[in-house]
Structures are given as structure tokens and as C-alpha cells.
file start_22.tsv (TSV, C-alpha atoms)
chain	number	residue	atom	x	y	z
B	1	MET	CA	-2.55	13.25	60.59
B	2	THR	CA	-2.13	12.87	56.83
B	3	LEU	CA	0.58	10.40	55.79
B	4	PHE	CA	2.36	9.56	52.54
B	5	CYS	CA	4.37	6.52	51.44
B	6	GLY	CA	7.22	6.09	48.98
B	7	ILE	CA	8.61	2.75	47.79
B	8	ASP	CA	11.98	2.38	46.05
B	9	TRP	CA	11.50	-1.01	44.42
B	10	ALA	CA	14.04	-3.58	43.24
B	11	GLU	CA	13.98	-7.20	42.08
B	12	THR	CA	14.71	-8.79	45.46
B	13	HIS	CA	13.76	-6.14	48.02
B	14	HIS	CA	12.12	-2.72	48.44
B	15	HIS	CA	12.82	0.29	50.65
B	16	VAL	CA	9.72	1.91	52.18
B	17	ALA	CA	9.44	5.37	53.76
B	18	ILE	CA	6.39	6.99	55.38
B	19	ILE	CA	6.31	10.74	56.08
B	20	ASP	CA	3.73	13.07	57.61
B	21	SER	CA	2.15	16.23	56.17
B	22	ALA	CA	5.15	18.29	57.36
B	23	GLY	CA	7.59	16.06	55.48
B	24	GLN	CA	8.99	14.46	58.64
B	25	LEU	CA	9.96	10.80	58.48
B	26	VAL	CA	7.52	8.63	60.43
B	27	ALA	CA	8.80	5.16	59.56
B	28	LYS	CA	11.15	3.39	57.17
B	29	LYS	CA	11.93	-0.22	56.45
B	30	ARG	CA	13.45	-2.62	53.93
B	31	ILE	CA	11.12	-5.43	52.93
B	32	PRO	CA	11.67	-8.54	50.77
B	33	ASP	CA	9.89	-9.01	47.44
B	34	ASP	CA	7.59	-11.83	48.54
B	35	PRO	CA	4.28	-12.31	50.40
B	36	THR	CA	6.04	-11.85	53.73
B	37	GLY	CA	7.39	-8.49	52.57
B	38	PHE	CA	3.96	-7.35	51.40
B	39	ALA	CA	2.46	-8.35	54.74
B	40	GLU	CA	5.18	-6.30	56.46
B	41	LEU	CA	4.32	-3.33	54.22
B	42	ILE	CA	0.60	-3.52	55.09
B	43	GLU	CA	1.42	-3.89	58.78
B	44	MET	CA	3.74	-0.87	58.55
B	45	LEU	CA	1.05	1.25	56.87
B	46	THR	CA	-1.58	0.17	59.40
B	47	ALA	CA	0.68	0.94	62.35
B	48	ALA	CA	1.35	4.41	60.92
B	49	GLY	CA	-2.37	5.21	60.85
B	50	ASP	CA	-3.70	3.85	57.56
B	51	TYR	CA	-7.39	2.90	57.46
B	52	ALA	CA	-9.96	2.06	54.77
B	53	GLU	CA	-11.72	5.44	54.72
B	54	ALA	CA	-8.44	7.34	54.23
B	55	PRO	CA	-5.79	5.04	52.74
B	56	ILE	CA	-2.21	6.29	52.55
B	57	PRO	CA	-1.24	7.25	48.96
B	58	VAL	CA	1.81	5.39	47.65
B	59	ALA	CA	4.42	6.54	45.11
B	60	ILE	CA	6.55	3.97	43.25
B	61	GLU	CA	8.71	4.06	40.12
B	62	THR	CA	6.77	1.48	38.11
B	63	PRO	CA	3.12	0.98	37.06
B	64	ARG	CA	3.50	-2.81	36.75
B	65	GLY	CA	4.44	-5.83	38.81
B	66	LEU	CA	2.96	-7.95	41.57
B	67	LEU	CA	3.65	-5.36	44.26
B	68	VAL	CA	1.68	-2.69	42.39
B	69	ALA	CA	-1.13	-5.15	41.62
B	70	SER	CA	-1.33	-6.15	45.29
B	71	LEU	CA	-1.43	-2.51	46.42
B	72	ARG	CA	-4.19	-1.77	43.90
B	73	ALA	CA	-6.18	-4.70	45.26
B	74	THR	CA	-6.20	-2.98	48.68
B	75	ARG	CA	-7.85	0.11	47.09
B	76	ARG	CA	-4.92	2.36	47.91
B	77	PRO	CA	-4.10	5.19	45.46
B	78	VAL	CA	-0.83	4.25	43.74
B	79	TYR	CA	1.16	6.87	41.81
B	80	PRO	CA	3.67	5.43	39.29
B	81	ILE	CA	6.45	8.03	38.90
B	82	ASN	CA	8.84	8.12	35.95
B	83	PRO	CA	12.42	7.51	37.18
B	84	LEU	CA	13.56	10.61	35.28
B	85	ALA	CA	11.10	12.70	37.29
B	86	VAL	CA	12.35	11.11	40.51
B	87	ALA	CA	15.90	12.08	39.60
B	88	ARG	CA	14.81	15.73	39.21
B	89	TYR	CA	12.93	15.67	42.53
B	90	ARG	CA	16.01	14.21	44.19
B	91	GLU	CA	17.96	17.33	43.20
B	92	ARG	CA	15.52	19.39	45.29
B	93	HIS	CA	16.72	17.50	48.35
B	94	VAL	CA	20.38	16.80	47.55
B	95	VAL	CA	22.42	18.90	45.11
B	96	SER	CA	25.69	17.04	45.79
B	97	GLY	CA	24.64	14.10	43.62
B	98	ALA	CA	24.47	11.67	46.56
B	99	LYS	CA	21.95	8.85	46.16
B	100	SER	CA	20.67	5.95	48.24
B	101	ASP	CA	17.72	3.60	48.02
B	102	PRO	CA	16.26	4.60	51.42
B	103	GLY	CA	16.72	8.24	50.40
B	104	ASP	CA	14.87	7.65	47.12
B	105	ALA	CA	11.96	6.10	49.05
B	106	GLN	CA	11.72	9.29	51.10
B	107	VAL	CA	11.97	11.43	47.95
B	108	LEU	CA	9.03	9.49	46.47
B	109	ALA	CA	7.00	9.96	49.64
B	110	ASP	CA	7.72	13.69	49.61
B	111	LEU	CA	6.84	13.87	45.92
B	112	VAL	CA	3.38	12.42	46.50
B	113	ARG	CA	2.98	14.76	49.48
B	114	THR	CA	3.66	17.97	47.54
B	115	ASP	CA	2.97	17.26	43.86
B	116	ARG	CA	0.60	14.32	43.51
B	117	HIS	CA	-1.89	16.60	41.70
B	118	HIS	CA	0.65	16.74	38.85
B	119	HIS	CA	0.82	12.96	38.52
B	120	ARG	CA	-1.65	10.35	37.36
B	121	PRO	CA	-2.57	7.46	39.68
B	122	VAL	CA	-2.57	3.93	38.30
B	123	ALA	CA	-5.71	3.57	36.22
B	124	GLY	CA	-8.53	1.38	37.45
B	125	ASP	CA	-8.72	-0.68	34.26
B	126	SER	CA	-10.64	-3.93	34.25
B	127	GLU	CA	-8.82	-7.26	34.29
B	128	LEU	CA	-9.94	-7.88	30.71
B	129	ALA	CA	-8.47	-4.56	29.53
B	130	GLN	CA	-5.21	-5.33	31.35
B	131	ALA	CA	-5.07	-8.78	29.75
B	132	THR	CA	-5.70	-7.27	26.31
B	133	LYS	CA	-2.86	-4.81	26.87
B	134	VAL	CA	-0.45	-7.59	27.88
B	135	LEU	CA	-1.32	-9.64	24.79
B	136	ALA	CA	-1.20	-6.60	22.49
B	137	ARG	CA	2.27	-5.62	23.70
B	138	ALA	CA	3.51	-9.20	23.45
B	139	HIS	CA	2.19	-9.41	19.89
B	140	GLN	CA	3.76	-6.08	18.90
B	141	ARG	CA	7.12	-6.93	20.50
B	142	ALA	CA	7.14	-10.28	18.69
B	143	ILE	CA	6.59	-8.48	15.37
B	144	TRP	CA	9.41	-6.04	16.12
B	145	ASP	CA	11.71	-8.89	17.17
B	146	ARG	CA	10.94	-10.82	14.00
B	147	GLN	CA	11.65	-7.75	11.89
B	148	ARG	CA	15.05	-7.43	13.55
B	149	GLN	CA	15.74	-11.06	12.63
B	150	LEU	CA	14.66	-10.42	9.04
B	151	ASN	CA	16.85	-7.32	8.81
B	152	ARG	CA	19.84	-9.41	9.88
B	153	LEU	CA	18.87	-12.07	7.35
B	154	ARG	CA	18.62	-9.52	4.56
B	155	SER	CA	22.00	-8.04	5.48
B	156	ILE	CA	23.67	-11.47	5.39
B	157	LEU	CA	22.08	-12.42	2.06
B	158	ARG	CA	23.44	-9.24	0.53
B	159	GLU	CA	26.93	-10.40	1.51
B	160	TYR	CA	26.93	-13.67	-0.42
B	161	PHE	CA	23.51	-14.45	-1.98
B	162	PRO	CA	21.91	-11.31	-3.52
B	163	ALA	CA	19.96	-13.48	-5.98
B	164	ALA	CA	17.74	-14.57	-3.09
B	165	LEU	CA	16.79	-10.95	-2.45
B	166	GLU	CA	15.91	-10.55	-6.13
B	167	ALA	CA	13.80	-13.71	-6.02
B	168	PHE	CA	11.89	-12.96	-2.81
B	169	GLY	CA	12.09	-9.19	-2.39
B	170	THR	CA	11.94	-7.66	1.06
B	171	ASP	CA	9.34	-10.07	2.49
B	172	LEU	CA	11.75	-12.75	3.72
B	173	ALA	CA	9.15	-14.00	6.21
B	174	HIS	CA	6.91	-15.11	3.33
B	175	PRO	CA	6.43	-18.90	3.21
B	176	ASP	CA	7.91	-18.96	-0.32
B	177	ALA	CA	11.21	-17.50	0.92
B	178	VAL	CA	11.27	-19.62	4.06
B	179	GLY	CA	10.64	-22.86	2.17
B	180	VAL	CA	13.32	-22.34	-0.47
B	181	LEU	CA	15.99	-20.89	1.85
B	182	GLU	CA	15.54	-23.73	4.34
B	183	ARG	CA	16.32	-26.24	1.58
B	184	ALA	CA	18.94	-24.23	-0.32
B	185	PRO	CA	20.63	-21.56	1.81
B	186	THR	CA	23.64	-21.16	-0.52
B	187	PRO	CA	23.88	-20.05	-4.18
B	188	ALA	CA	25.36	-23.42	-5.21
B	189	LEU	CA	22.51	-25.41	-3.70
B	190	ALA	CA	19.91	-22.99	-5.02
B	191	ALA	CA	21.25	-23.25	-8.58
B	192	LYS	CA	20.77	-27.03	-8.48
B	193	LEU	CA	17.10	-26.83	-7.53
B	194	SER	CA	14.71	-27.92	-10.25
B	195	ALA	CA	11.43	-26.12	-10.87
B	196	SER	CA	9.54	-29.10	-9.43
B	197	ALA	CA	11.68	-29.03	-6.25
B	198	ILE	CA	11.04	-25.32	-5.85
B	199	GLY	CA	7.34	-25.95	-6.43
B	200	ALA	CA	7.34	-28.56	-3.67
B	201	CYS	CA	8.87	-25.99	-1.30
B	202	LEU	CA	6.18	-23.49	-2.24
B	203	ARG	CA	3.39	-26.02	-1.67
B	204	ARG	CA	4.77	-26.93	1.76
B	205	GLY	CA	4.65	-23.24	2.59
B	206	GLY	CA	0.95	-23.12	1.73
B	207	ARG	CA	0.93	-21.73	-1.81
B	208	LYS	CA	-1.95	-23.17	-3.87
B	209	ARG	CA	-2.14	-20.90	-6.91
B	210	ASN	CA	0.36	-20.16	-9.68
B	211	VAL	CA	2.83	-22.63	-8.20
B	212	GLU	CA	4.48	-23.64	-11.48
B	213	SER	CA	4.86	-20.11	-12.86
B	214	ARG	CA	6.18	-18.81	-9.52
B	215	ALA	CA	8.64	-21.74	-9.27
B	216	GLN	CA	9.97	-21.08	-12.76
B	217	ALA	CA	10.40	-17.37	-12.04
B	218	ILE	CA	12.32	-18.15	-8.84
B	219	GLN	CA	14.49	-20.74	-10.61
B	220	LYS	CA	15.42	-18.25	-13.32
B	221	LEU	CA	16.53	-15.66	-10.78
B	222	LEU	CA	18.47	-18.18	-8.69
B	223	ARG	CA	20.35	-19.48	-11.76
B	224	ALA	CA	21.22	-16.06	-13.17
B	225	PRO	CA	24.96	-15.29	-13.62
B	226	ARG	CA	26.45	-14.08	-10.35
B	227	LEU	CA	29.64	-13.39	-8.41
B	228	ASP	CA	30.38	-16.19	-5.96
B	229	ALA	CA	31.94	-16.15	-2.52
B	230	PRO	CA	34.53	-18.85	-1.69
B	231	ALA	CA	32.81	-22.20	-1.14
B	232	ALA	CA	33.77	-22.50	2.54
B	233	VAL	CA	32.63	-18.94	3.27
B	234	ALA	CA	29.33	-19.47	1.42
B	235	ALA	CA	28.73	-22.67	3.42
B	236	ALA	CA	29.32	-20.81	6.69
B	237	TYR	CA	26.90	-18.06	5.63
B	238	GLY	CA	24.41	-20.74	4.60
B	239	ALA	CA	24.48	-22.34	8.04
B	240	GLN	CA	23.76	-18.95	9.60
B	241	VAL	CA	20.94	-18.24	7.14
B	242	ARG	CA	19.34	-21.64	7.77
B	243	SER	CA	19.34	-20.87	11.50
B	244	LEU	CA	17.88	-17.37	11.04
B	245	VAL	CA	15.19	-18.66	8.67
B	246	ALA	CA	14.16	-21.34	11.17
B	247	VAL	CA	13.96	-18.78	13.98
B	248	ALA	CA	11.95	-16.34	11.84
B	249	ALA	CA	9.56	-19.11	10.76
B	250	GLU	CA	8.93	-20.13	14.37
B	251	MET	CA	8.43	-16.50	15.37
B	252	THR	CA	5.83	-16.18	12.60
B	253	ARG	CA	3.94	-19.17	14.03
B	254	GLN	CA	4.06	-17.74	17.54
B	255	ILE	CA	2.90	-14.34	16.31
B	256	ALA	CA	-0.12	-16.03	14.72
B	257	ALA	CA	-0.87	-17.82	18.00
B	258	LEU	CA	-0.58	-14.57	19.97
B	259	GLU	CA	-2.81	-12.84	17.44
B	260	ALA	CA	-5.53	-15.45	17.92
B	261	ASP	CA	-5.39	-15.02	21.71
B	262	LEU	CA	-5.40	-11.24	21.31
B	263	GLU	CA	-8.47	-11.26	19.08
B	264	ARG	CA	-10.39	-13.48	21.53
B	265	SER	CA	-9.54	-11.21	24.43
B	266	PHE	CA	-10.48	-8.08	22.50
B	267	GLU	CA	-13.75	-9.40	21.10
B	268	SER	CA	-14.95	-10.33	24.59
B	269	HIS	CA	-14.50	-6.74	25.85
B	270	PRO	CA	-17.70	-4.64	26.05
B	271	ASP	CA	-15.98	-1.68	24.32
B	272	ALA	CA	-14.84	-3.77	21.34
B	273	GLU	CA	-17.91	-2.97	19.21
B	274	ILE	CA	-17.45	0.78	19.62
B	275	VAL	CA	-13.70	0.63	18.99
B	276	ARG	CA	-14.07	-1.51	15.87
B	277	SER	CA	-16.70	0.83	14.47
B	278	LEU	CA	-14.04	3.51	13.91
B	279	PRO	CA	-12.47	3.52	10.43
B	280	GLY	CA	-9.11	1.79	10.20
B	281	LEU	CA	-9.46	-0.28	13.38
B	282	GLY	CA	-9.67	-4.04	12.99
B	283	ALA	CA	-9.33	-6.70	15.66
B	284	VAL	CA	-5.55	-6.45	16.16
B	285	LEU	CA	-5.13	-2.69	15.83
B	286	GLY	CA	-8.33	-2.10	17.80
B	287	ALA	CA	-7.04	-4.34	20.59
B	288	ARG	CA	-3.78	-2.38	20.72
B	289	VAL	CA	-5.66	0.92	20.96
B	290	LEU	CA	-8.09	-0.36	23.59
B	291	GLY	CA	-5.37	-2.00	25.65
B	292	GLU	CA	-3.12	1.06	25.73
B	293	PHE	CA	-5.91	3.54	26.48
B	294	GLY	CA	-7.53	1.23	29.03
B	295	ASP	CA	-11.21	1.19	29.94
B	296	ASP	CA	-11.26	3.20	33.19
B	297	PRO	CA	-14.09	5.72	32.49
B	298	ASN	CA	-12.54	8.27	34.86
B	299	ARG	CA	-8.98	8.05	33.57
B	300	TYR	CA	-9.20	10.94	31.08
B	301	GLN	CA	-10.81	14.21	32.08
B	302	ASP	CA	-11.69	15.04	28.47
B	303	GLY	CA	-10.70	14.36	24.87
B	304	ARG	CA	-7.68	16.64	25.19
B	305	ALA	CA	-6.30	14.57	28.06
B	306	ARG	CA	-6.70	11.40	25.98
B	307	ARG	CA	-4.90	13.02	23.02
B	308	ASN	CA	-2.09	14.18	25.29
B	309	TYR	CA	-1.68	10.66	26.63
B	310	ALA	CA	-1.64	9.27	23.09
B	311	GLY	CA	1.12	11.71	22.17
B	312	THR	CA	-0.77	12.90	19.09
B	313	SER	CA	-1.30	16.47	20.33
B	314	PRO	CA	1.57	18.94	19.80
B	315	ILE	CA	3.52	20.75	22.51
B	316	THR	CA	4.35	24.46	22.62
B	317	ARG	CA	7.75	25.87	23.58
B	318	ALA	CA	7.54	29.60	24.29
B	319	SER	CA	10.21	31.85	25.78
B	320	GLY	CA	10.32	35.59	25.32
B	321	LYS	CA	9.68	36.37	21.67
B	322	LYS	CA	10.24	32.79	20.55
B	323	ARG	CA	7.40	30.35	20.15
B	324	ALA	CA	7.43	26.94	18.49
B	325	VAL	CA	4.78	24.23	18.16
B	326	LEU	CA	6.44	20.80	18.00
B	327	ALA	CA	5.49	17.15	17.78
B	328	ARG	CA	5.32	15.30	21.09
B	329	TYR	CA	8.04	12.64	21.18
B	330	VAL	CA	8.02	11.73	24.89
B	331	ARG	CA	5.10	9.33	24.78
B	332	ASN	CA	3.89	5.75	24.96
B	333	ARG	CA	5.61	4.20	21.93
B	334	PHE	CA	3.16	1.29	21.72
B	335	LEU	CA	0.18	3.65	21.60
B	336	ALA	CA	1.94	6.12	19.29
B	337	ASP	CA	2.73	3.33	16.82
B	338	ALA	CA	-0.86	2.06	16.96
B	339	CYS	CA	-2.30	5.55	16.37
B	340	TYR	CA	0.04	6.15	13.42
B	341	GLN	CA	-1.02	2.88	11.76
B	342	TRP	CA	-4.65	3.63	12.61
B	343	SER	CA	-4.56	7.00	10.84
B	344	PHE	CA	-2.88	5.44	7.79
B	345	CYS	CA	-5.52	2.69	7.55
B	346	ALA	CA	-8.31	5.26	7.99
B	347	LEU	CA	-7.30	6.98	4.73
B	348	THR	CA	-8.90	4.20	2.68
B	349	ALA	CA	-11.73	3.46	5.13
B	350	SER	CA	-13.13	6.96	5.65
B	351	PRO	CA	-13.77	9.68	3.02
B	352	GLY	CA	-13.79	12.25	5.81
B	353	ALA	CA	-10.40	11.15	7.10
B	354	ARG	CA	-9.01	11.18	3.55
B	355	GLY	CA	-10.29	14.69	2.93
B	356	PHE	CA	-8.85	15.88	6.26
B	357	TYR	CA	-5.45	14.38	5.35
B	358	ASP	CA	-5.51	15.86	1.82
B	359	GLU	CA	-6.39	19.27	3.23
B	360	HIS	CA	-3.33	19.30	5.47
B	361	ARG	CA	-1.09	17.98	2.70
B	362	ALA	CA	-2.29	20.85	0.51
B	363	LYS	CA	-1.15	23.26	3.23
B	364	GLY	CA	2.39	21.94	2.93
B	365	GLU	CA	2.36	19.33	5.71
B	366	THR	CA	4.58	16.28	5.28
B	367	HIS	CA	3.03	12.83	5.07
B	368	ASP	CA	3.99	12.05	8.68
B	369	GLY	CA	2.80	15.46	9.87
B	370	ALA	CA	-0.59	15.09	8.19
B	371	LEU	CA	-1.01	11.58	9.63
B	372	ARG	CA	-0.14	12.88	13.09
B	373	VAL	CA	-2.81	15.60	12.83
B	374	LEU	CA	-5.30	13.03	11.55
B	375	SER	CA	-4.53	10.60	14.38
B	376	ASN	CA	-5.04	13.45	16.86
B	377	ARG	CA	-8.48	14.02	15.36
B	378	LEU	CA	-9.34	10.31	15.38
B	379	VAL	CA	-8.37	9.94	19.05
B	380	GLY	CA	-10.76	12.79	19.87
B	381	ILE	CA	-13.53	11.06	17.91
B	382	LEU	CA	-12.85	7.81	19.77
B	383	ASP	CA	-13.08	9.65	23.09
B	384	GLY	CA	-16.47	11.08	22.13
B	385	CYS	CA	-17.80	7.68	21.04
B	386	LEU	CA	-16.70	6.01	24.28
B	387	ARG	CA	-18.13	8.75	26.48
B	388	LYS	CA	-21.51	8.70	24.72
B	389	ARG	CA	-21.46	4.90	24.22
B	390	VAL	CA	-22.28	5.21	20.53
B	391	ALA	CA	-20.73	3.71	17.41
B	392	TYR	CA	-18.79	5.80	14.92
B	393	ASP	CA	-20.87	7.75	12.38
B	394	GLU	CA	-19.11	9.21	9.34
B	395	ALA	CA	-21.62	12.02	8.93
B	396	VAL	CA	-21.37	13.08	12.58
B	397	ALA	CA	-17.56	12.82	12.66
B	398	TRP	CA	-16.87	14.83	9.51
B	399	GLY	CA	-20.16	16.43	8.47
B	400	HIS	CA	-19.42	19.72	10.24
B	401	ARG	CA	-16.21	20.11	8.21
B	402	SER	CA	-18.05	19.89	4.89
B	403	SER	CA	-20.62	22.37	6.20
B	404	ASP	CA	-17.87	24.77	7.26
B	405	GLY	CA	-16.25	24.41	3.85
B	406	ALA	CA	-19.50	25.15	2.06
B	407	ALA	CA	-20.08	28.23	4.26
B	408	LYS	CA	-16.61	29.56	3.51
B	409	ALA	CA	-17.09	29.01	-0.20
B	410	ALA	CA	-20.39	30.90	-0.09

call {"tool": "encode", "arguments": {"input": "start_22.tsv", "output": "C-alpha cells"}}
result
Amino acid sequence: MTLFCGIDWAETHHHVAIIDSAGQLVAKKRIPDDPTGFAELIEMLTAAGDYAEAPIPVAIETPRGLLVASLRATRRPVYPINPLAVARYRERHVVSGAKSDPGDAQVLADLVRTDRHHHRPVAGDSELAQATKVLARAHQRAIWDRQRQLNRLRSILREYFPAALEAFGTDLAHPDAVGVLERAPTPALAAKLSASAIGACLRRGGRKRNVESRAQAIQKLLRAPRLDAPAAVAAAYGAQVRSLVAVAAEMTRQIAALEADLERSFESHPDAEIVRSLPGLGAVLGARVLGEFGDDPNRYQDGRARRNYAGTSPITRASGKKRAVLARYVRNRFLADACYQWSFCALTASPGARGFYDEHRAKGETHDGALRVLSNRLVGILDGCLRKRVAYDEAVAWGHRSSDGAAKAA
């Protein structure tokens, strides 16, 4: 008898349901989120008829966590299902809108019984690839979090200290800006700074060249005529700015530490040499791409499947006489961001990529649209390199396009 399992997970407990090939409930149970609960789950699966040669497939609403990792370690096929998809499947069973955790576990079990061929099992990535992905996401999130801090800082400076924005521009995470704003977070304090004091701040931040000229330029901007906020209000803003600057500076240090760990993890991966051979991919961006794609050789059926997963390939909406080809926006945002930056960096690293981009721009594509098409092409090239275990070759990647162009011209 073929069996299927669904798990509705939560932070402290999980609801488990096992059904047979006819969709009839065989067993159900609530288990705690601890080793005892996992042992109960394995015992429940074994009692239902699970064995090594034909393990029971499991559907769950998350691809991460200790429960998923433990199930993967037992060699069982695990299908992570998007919660939005589960909500739609639930409507097949209950149209009244009723919902319960045990019921969702049974919905998941029925989903994997009827439609598992439409869903992707958890990839069998190596531990090193998983570690690279964790570090890459942590590094990217830290950069995004720091940018949110800097946006708040910029907004506050505009309220009472616009001269600081003129002096340091938009890069408020630069050591020059951090050093001066930490010492003088208000216009009154900044106006009293001498060129030598500003120079000392710049040196503490790590500047070694053009210190005197840069200090004099900053002093001139900070002492320019200005409109002033009331002293008490400016002092309150200054306290907030000093706090934000300190947080941003610490975040910058932690980002650098994460980046070092990320590079070490990436460089030790056997696919790193192939990934870095592609134009536009350095250690950090290459690690993000490798981590998000994973290294399971059987994960993607072909290059098209990899492009679909990356979100670079378009989608088609057709109904009756209407047909539209649109960008794919439901996608992995970490991978989509990495592919966008990759295609932008490739413009200066690869003549073929630049020519491909210029060709699409000449057809009327927007900058973002042309980069999206280019990233779709680059993902396909990466797939070919990984499958054949060869490094990137500019002539192989783009040579056929120049040949086609010459043939058309003739």
C-alpha cells in the first residue's frame, strides 16, 4: 500500500497526517518540536508501513529548519510547499473557509498524493553549498539592513543638518562621514571643527591620501551659511544621529566579517572555479549565485529549468485572442538580485555580453529589460558550464552570435 505524509509545522509542535493511495486517513498525531517528537514521527511512519526501499514522501510548508534537515538525513523525499499553494489546495477540500492545523496536515498529505509531480523536492545540496547559502543570505540581509539605517540617517540629516549631506554625499557609511559625524553630529559642533581636527577624524577612519585637501573641503562645506534649527531640537537630532552612525559603523564591520567567512566557504567549494570564470562573478557575487542555485547535479532538468528557478525567464499569459509576455516577479528575491547585479557587472567584463545588451537596447528595451534578458542568457551559459564541467569561454559563449550577424549581413 502506497502512503503519503503531510506535516503542518509550527514553532512548538507539529500536526502529522498519513493517508493511503485512496486518500483515506491512516494515522494522525500531534508531536512536539524536539528530539522526542521526531522519534515519535519516525515511529509513526514505520508503524504505517514505511521502509528504506520505499520511504513515505513527506509534504511540509517550509524548506528549512531542523525538522526538514532531520527528515532529509533519513533519505525520505521531502516536498516543501508554498503556503499560498496550500491555501488553494485547501479550497478543493473545504469551500466554507474553515481551517485547522490537523486539517492542513491532511491537505498536505493529499497534495503530495495527487500532485507531487508538479512540485520540487528539497534539493540534495552538499553541506558546503548549504553553508555558503546561509552565509550569502546573512551577508545580503546585513547589507540591506545597513542601507535601511543609512536611509533613516539621510532623512534625519535633511531635517536639521543638510550641510553634512553636501559634505559626504550619499555614501554615509564611508569612514570619512562616520568619523566626522561621530565627533560632531550637530551643525554647531561641526562649524567649530578645525581642519586638523577633521583630518584626525579622516585618519582614524583609514584615509591615507589627500587628507589635508579633503579636510579643508569638508570644513568649507560645514561652515557655509545655513538655516539653523533651535538648539535643543538640533541637540536631540544629534543624539539620534550619533546613535545611528554608531550602529551603521558596527554593521559595516560585521558585514566585512561575514564577507570574509563567505569568501572562505565559497573558495573551498569544487564549483567555485567554474562559477568565478564567468564574467561579472567575483567571490561574493559568485558565492550568492552558487548558494542560491545549489550544487545538486540533478536539481535542474535543463538550462530552461534553471532559468525559470532564477526568475530571469519571462512568463506568457494567453487567453482567447490576448497574449502577453511578462517579466517573472514571483521568484527567489536573493537569486534575482544576484542575477541582476551579475548581468550589470558582466557589461564591463565581457564584450559579448555588452554587445548582447546593446543589441536589445537598440530594439527599444529599457535598461532593466535588457539586463533581465542578459541575465537569462548568462544563467543558461552557467548551466552549460556546470553540466560540462568546463570554464567559461568568451568565444564559445558569444561566437555563434557574431557568426549569425555576419551571415545576416551577407

call {"tool": "residues_around", "arguments": {"input": "start_22.tsv", "residues": "Gly179 in chain B", "least_positions_apart": "2", "cutoff": "9 Å", "atoms": "all atoms listed in the file", "output": "JSON, numbers by chain"}}
result
{"B": [174, 175, 176, 177, 181, 182, 183, 184, 198, 200, 201, 202, 203, 204, 205, 245]}

call {"tool": "atom_distance", "arguments": {"input": "start_22.tsv", "atom1": "CA of Leu386 in chain B", "atom2": "CA of Asp271 in chain B"}}
result
7.7 Å

call {"tool": "atom_distance", "arguments": {"input": "start_22.tsv", "atom1": "CA of Leu281 in chain B", "atom2": "CA of Pro297 in chain B"}}
result
20.6 Å

call {"tool": "residues_around", "arguments": {"input": "start_22.tsv", "residues": "Gly369 in chain B", "least_positions_apart": "5", "cutoff": "10 Å", "atoms": "only C-alpha atoms", "output": "CSV table (one decimal) with C-alpha atoms, in the coordinates of the input"}}
result
chain,number,residue,atom,x,y,z
B,327,ALA,CA,5.5,17.2,17.8
B,357,TYR,CA,-5.4,14.4,5.4
B,360,HIS,CA,-3.3,19.3,5.5
B,361,ARG,CA,-1.1,18.0,2.7
B,364,GLY,CA,2.4,21.9,2.9
B,374,LEU,CA,-5.3,13.0,11.6
B,375,SER,CA,-4.5,10.6,14.4

call {"tool": "residues_around", "arguments": {"input": "start_22.tsv", "residues": "range 2-18 of chain B", "least_positions_apart": "2", "cutoff": "10 Å", "atoms": "only C-alpha atoms", "output": "ChimeraX atom specification"}}
result
/B:20-34,37-38,41,44-45,48-50,54-62,67,78-79,100-114

call {"tool": "atom_distance", "arguments": {"input": "start_22.tsv", "atom1": "CA of Val390 in chain B", "atom2": "CA of Ile274 in chain B"}}
result
6.6 Å

call {"tool": "residues_around", "arguments": {"input": "start_22.tsv", "residues": "Arg148 in chain B", "least_positions_apart": "6", "cutoff": "10 Å", "atoms": "only C-alpha atoms", "output": "ChimeraX atom specification"}}
result
/B:142,154,248

call {"tool": "residues_around", "arguments": {"input": "start_22.tsv", "residues": "Leu382 in chain B", "least_positions_apart": "6", "cutoff": "12 Å", "atoms": "all atoms listed in the file", "output": "JSON, numbers by chain"}}
result
{"B": [271, 272, 273, 274, 275, 276, 277, 278, 279, 280, 281, 286, 289, 290, 293, 302, 303, 304, 306, 307, 310, 339, 342, 375, 376, 388, 389, 390, 391, 392, 393, 397]}

call {"tool": "closest_residue", "arguments": {"input": "start_22.tsv", "among": "B:Gln149, B:Thr186, B:Thr74, B:Gln216", "to": "Ala229 in chain B", "atoms": "all atoms listed in the file"}}
result
B:Thr186
